[in-house]
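**Student:** Take a look at this one; I'll ask things after.
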Amino acid sequence: MDFPELAARTRRFTSGAPRAVTVAGDGSRVLFLRSTGSQDPADALWQLDVATATEHLVAASGVLLDDAATTEGIAGYATDPAARVAAFALAGRLFRADLVDGGVVEIPARGPVADPRPDPTGTRIAYVTGGTLRVVGPDGGDALLAGEDNGTSWGVAEYVAAEDFGRHRGYWWAPDGGSILAARVDDSRLVRRHHHDPAHPDQPPDTHAYPQAGGPNAQVSLHLLDLDGGWVDVHWDRETYPYLVSVHWVEGGPLITVLRRLQQHGLVLAVDPRTGETQVHAELADPRWVEPVADTPVHLPDGRVLVGGELAHDGYDARCLFADGTLLTPPSLYVRRVVGRLSGGGAPDLLVEASDGEPSQQHLFRVRTTVGAGGIEIRRLTQEPGWHVGAVGGGTMAVGARSLDRMGTRWTVWRDDVEVTTIGSLAAPAPYAPRPVLERVTDRRLPAAVLYPRNHVAGRRLPVLVDIHGGPGRQEVRADRSAWLERQWWADAGFAVVTVDNRGTPGVAPSFEKAVHRRLADVMLTDQVEGLTALADKHPDLDLARVAIRGFSFGGWLAGLAVLRRPDLFRCGIAGTPLTDWALHDTAYSERYLGLPVDAAEVYAHHCLVELAAEPVVVPDDARPLLLVHRLADRRVVPAHTLRLSAALLSTGRPHSVLPLPGADDAPGDGTAERSLRLELDFVRRSL
């Protein structure tokens, strides 16, 4: 079985691998999801007892649904802070697992269940259904906490929160379990989009509200809901700061982060849970856009507020952590996420995911929450080169490590700095071991990589495939073997595969990311061209007379841009799910980088592939072929992007093909994308 088929059957070698790892607050248990094997897509909930280092099954869909042949697994779960209780939805039904004494029960619920969450005491479970927020009490009684009949939704994240700000929740329990802070979303002003998968003509179209660039956003408000029926509105200037970016409620009261529409200014607000009044704790400002650190702000045990942001003065260019304005991390550290608190050795320290000088690697650091006479104190906890993530509770830490030396994530559990055990993985082994050459090129030190065929003989000139994403928030050049498996398949087909992380991608420095503001097309394409040229100077086997470029989503836009603007270098391109017209995309994403369409019409036109493709072809040889690949039910980058680009290419006689795929990009593990690789390969071979 070759790579495309094997990748399709194993969900790209993730089936059977542990994921969604959670550590109990006291460190006694580690929860995770894992299926029964490398070709089983149905994840089950497992628990590891730290004291005995033993795993046991908590819940499996085949048992709970009384259907051993089901392919539906447990997609996610939530626990109370002590991890005594877990709640999850399965086939729209609500289940509660007792993690201390064992046993899983189904709880009758009113309609399809989404996002069930136990309260901090483990006695109640809240869930969302049909735009309403409901709570199940300890006696099994199901009560409506919030909901209306006017089309508004309670307890859910609106579109831009989930897609652009990483906030996937819409309600938060109070630490005492006596009330809930809930978001109310009114999207009645938004345009309606109608999506229909032509592969299923018997099904009605799906209609949903969409915040299109330049148009209205959903109106989002916050409310403190007492379980006894009390109601308090949270007050802030929602007209000036319409984006609710983050909400955290642990000890010390709720903290929220809100941003202006163009995201150049934001506020960290402390909420009084009695009155709903807010007080400004910190301001976030950047002339380009604000980029908060994930999982901040949050209260520290001593009452100070931890805020993650950017340090861009006095010669510094870094992403750092601050506690009430005091710097906790050195400017050399690029902080990506605050995992949680590590106990032991006095006051709790922070476990942080960050990069230290090398963007292709991510490590775990222990950060002191106080600054003593000796200054800032941090300690790197992971030493092996690679990409590390973590989960923490009490004195227990779960470390997920990826590297170029092995496949998948290896999860190890540590207790008080002593390794306890490794969480077992049942994932399929990769069919080969890719060995990319990772390096930094040009005077901007762009992260880049070259991958050769495994049977390559030095001195043999190879056609080049530039395989990219290039978009904000996404790194491709990582010390992670799984990132290079598909690229090795392309290399073994006879290519030198090149990947360059241009400016605009994370991991290097804030200035590196934000140099693209309102000029993504020029900066990013320049970096791709200069990065490729610099690599060819170092690797003489790269034949720049035969270069193809391939990318999906944002990378699809960049690939299309490269072929249309630089036909002298890029002889063909594959543009998958390309964002061809930024004015068709959502408000928060397009406006963050390009501004409001009404104020920046020329900027949007400059970045529009449809307008670029409609320009007449002056030199016939400049009409390089494009393959457009698009899922017909995609809701984020709708098929209209590809169809409009195809029409523009057709109008000017530019050669192209369209490969329509059924389903949506979020259809998990259907294997369509992997099986279409051979068609992409045939296109590139014919074109070069």
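Following the order of the structure tokens, chains are lettered A, B, ..., residues in each are numbered from 1, and ligands are numbered from 1.
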Name the residues of region 50-119 of chain A that come out as alpha helix (DSSP H) in a backbone DSSP run; write them as a PyMOL selection string.
**Tutor:** chain A and resi 61-64
**Student:** Skip Gly130 (chain A) itself and residues of its chain fewer than 6 positions away, then list as a ChimeraX atom specification all residues within 10 Å of it, counting only C-alpha atoms.
**Tutor:** /A:110-114,147,151-154
**Student:** Which residues, written as number ranges by chain, have at least one atom at most 10 Å from Ala605 (chain A), with only C-alpha atoms counted and residues fewer than 6 positions away on the same chain left out?
**Tutor:** A: 581-583, 597, 611-612
**Student:** If we count only C-alpha atoms, what is near Trp387 (chain A) at a cut-off of 9 Å, once residues fewer than 2 positions away on the same chain are taken out, given as JSON, numbers by chain?
**Tutor:** {"A": [360, 361, 362, 363, 384, 385, 389, 400, 401, 402, 403, 478, 479, 480]}
**Student:** Quote the spacing between CA of Pro118 (chain A) and CA of Leu225 (chain A) in Å to one decimal place.
**Tutor:** 15.8 Å
**Student:** Distance table requested - region 199-241 of chain A against region 628-636 of chain A, cut-off 10 Å, only C-alpha atoms: one row per qualifying residue with the closest atom pair and its distance in Å to one decimal, ordered by chain and rising residue number, as a tab-separated table.
**Tutor:**
```
residue	atom	partner	partner_atom	distance
A:Ala199	CA	A:Leu632	CA	8.3
A:Pro205	CA	A:Ala633	CA	9.8
A:Asp206	CA	A:Ala633	CA	9.3
A:His208	CA	A:Arg635	CA	9.3
A:Tyr210	CA	A:Arg636	CA	9.4
```
**Student:** Dump C-alpha atoms for the selected residues as a PDB file, in the first residue's frame?
**Tutor:**
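again_11.pdb, freshly written:
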```pdb
ATOM      1  CA  ALA A 199     -22.788  15.533  -4.832  1.00  0.00           C
ATOM      2  CA  PRO A 205     -28.907  23.736   1.021  1.00  0.00           C
ATOM      3  CA  ASP A 206     -27.298  24.753   4.282  1.00  0.00           C
ATOM      4  CA  HIS A 208     -25.914  30.310   7.705  1.00  0.00           C
ATOM      5  CA  TYR A 210     -21.679  35.124   7.435  1.00  0.00           C
TER       6      TYR A 210
END
```
**Student:** Skip region 587-591 of chain A itself and residues of its chain fewer than 2 positions away, then list as a ChimeraX atom specification all residues within 8 Å of it, counting only C-alpha atoms.
**Tutor:** /A:160,164,211-215,217,261-262,582-583,585,593-597
**Student:** Restricted to N, CA and C atoms, what would the selected residues look like written as an mmCIF file, in the first residue's frame?
**Tutor:**
```cif
data_model
loop_
_atom_site.group_PDB
_atom_site.id
_atom_site.type_symbol
_atom_site.label_atom_id
_atom_site.label_comp_id
_atom_site.auth_asym_id
_atom_site.auth_seq_id
_atom_site.Cartn_x
_atom_site.Cartn_y
_atom_site.Cartn_z
ATOM 1 N N VAL A 160 -16.406 34.567 13.789
ATOM 2 C CA VAL A 160 -15.049 35.118 13.800
ATOM 3 C C VAL A 160 -14.302 34.733 15.076
ATOM 4 N N ASP A 164 -11.132 32.979 13.754
ATOM 5 C CA ASP A 164 -10.046 33.956 13.658
ATOM 6 C C ASP A 164 -9.359 34.271 14.974
ATOM 7 N N PRO A 211 -20.188 36.864 8.310
ATOM 8 C CA PRO A 211 -19.698 38.238 8.447
ATOM 9 C C PRO A 211 -18.719 38.588 7.335
ATOM 10 N N GLN A 212 -19.214 39.007 6.196
ATOM 11 C CA GLN A 212 -18.363 39.258 5.036
ATOM 12 C C GLN A 212 -17.612 40.572 5.188
ATOM 13 N N ALA A 213 -16.374 40.606 4.709
ATOM 14 C CA ALA A 213 -15.502 41.775 4.842
ATOM 15 C C ALA A 213 -16.238 43.051 4.452
ATOM 16 N N GLY A 214 -16.135 44.057 5.314
ATOM 17 C CA GLY A 214 -16.796 45.326 5.071
ATOM 18 C C GLY A 214 -18.232 45.381 5.537
ATOM 19 N N GLY A 215 -18.812 44.224 5.829
ATOM 20 C CA GLY A 215 -20.193 44.157 6.266
ATOM 21 C C GLY A 215 -20.315 44.118 7.773
ATOM 22 N N ASN A 217 -20.819 42.762 11.638
ATOM 23 C CA ASN A 217 -20.447 41.623 12.461
ATOM 24 C C ASN A 217 -21.627 41.212 13.326
ATOM 25 N N ARG A 261 -12.454 46.954 15.821
ATOM 26 C CA ARG A 261 -12.715 46.206 14.592
ATOM 27 C C ARG A 261 -11.438 45.979 13.780
ATOM 28 N N LEU A 262 -10.578 46.967 13.669
ATOM 29 C CA LEU A 262 -9.343 46.780 12.909
ATOM 30 C C LEU A 262 -8.235 46.162 13.750
ATOM 31 N N TRP A 582 -10.384 38.629 -1.470
ATOM 32 C CA TRP A 582 -10.419 38.890 -0.034
ATOM 33 C C TRP A 582 -11.713 39.564 0.395
ATOM 34 N N ALA A 583 -12.391 40.248 -0.508
ATOM 35 C CA ALA A 583 -13.661 40.886 -0.165
ATOM 36 C C ALA A 583 -14.766 39.860 0.059
ATOM 37 N N HIS A 585 -14.165 37.144 1.835
ATOM 38 C CA HIS A 585 -13.802 36.446 3.067
ATOM 39 C C HIS A 585 -14.379 37.187 4.270
ATOM 40 N N TYR A 593 -5.567 42.349 8.020
ATOM 41 C CA TYR A 593 -4.374 42.479 7.188
ATOM 42 C C TYR A 593 -4.505 43.530 6.089
ATOM 43 N N LEU A 594 -5.729 43.781 5.607
ATOM 44 C CA LEU A 594 -5.901 44.680 4.468
ATOM 45 C C LEU A 594 -6.677 45.947 4.801
ATOM 46 N N GLY A 595 -7.327 46.013 5.967
ATOM 47 C CA GLY A 595 -8.143 47.172 6.308
ATOM 48 C C GLY A 595 -9.582 46.990 5.845
ATOM 49 N N LEU A 596 -10.394 48.032 6.021
ATOM 50 C CA LEU A 596 -11.787 48.000 5.575
ATOM 51 C C LEU A 596 -11.853 48.168 4.057
ATOM 52 N N PRO A 597 -12.657 47.361 3.377
ATOM 53 C CA PRO A 597 -12.738 47.495 1.915
ATOM 54 C C PRO A 597 -13.107 48.897 1.449
#
```
**Student:** Could you tell me, as a PyMOL selection string, which residues of region 128-170 of chain A DSSP assigns to strand (DSSP E) when given the backbone?
**Tutor:** chain A and resi 128-129+132-136+142-146+153-154
**Student:** Neighbouring residues of Leu222 (chain A) were defined as those with any atom within 8 Å, considering only C-alpha atoms; residues of the same chain fewer than 5 positions away were excluded. Please report them as a list in words.
**Tutor:**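 Counting only the stated atoms, we get Leu181, Ala182, Ala183, Arg184, Asp233 and Val234 of chain A.
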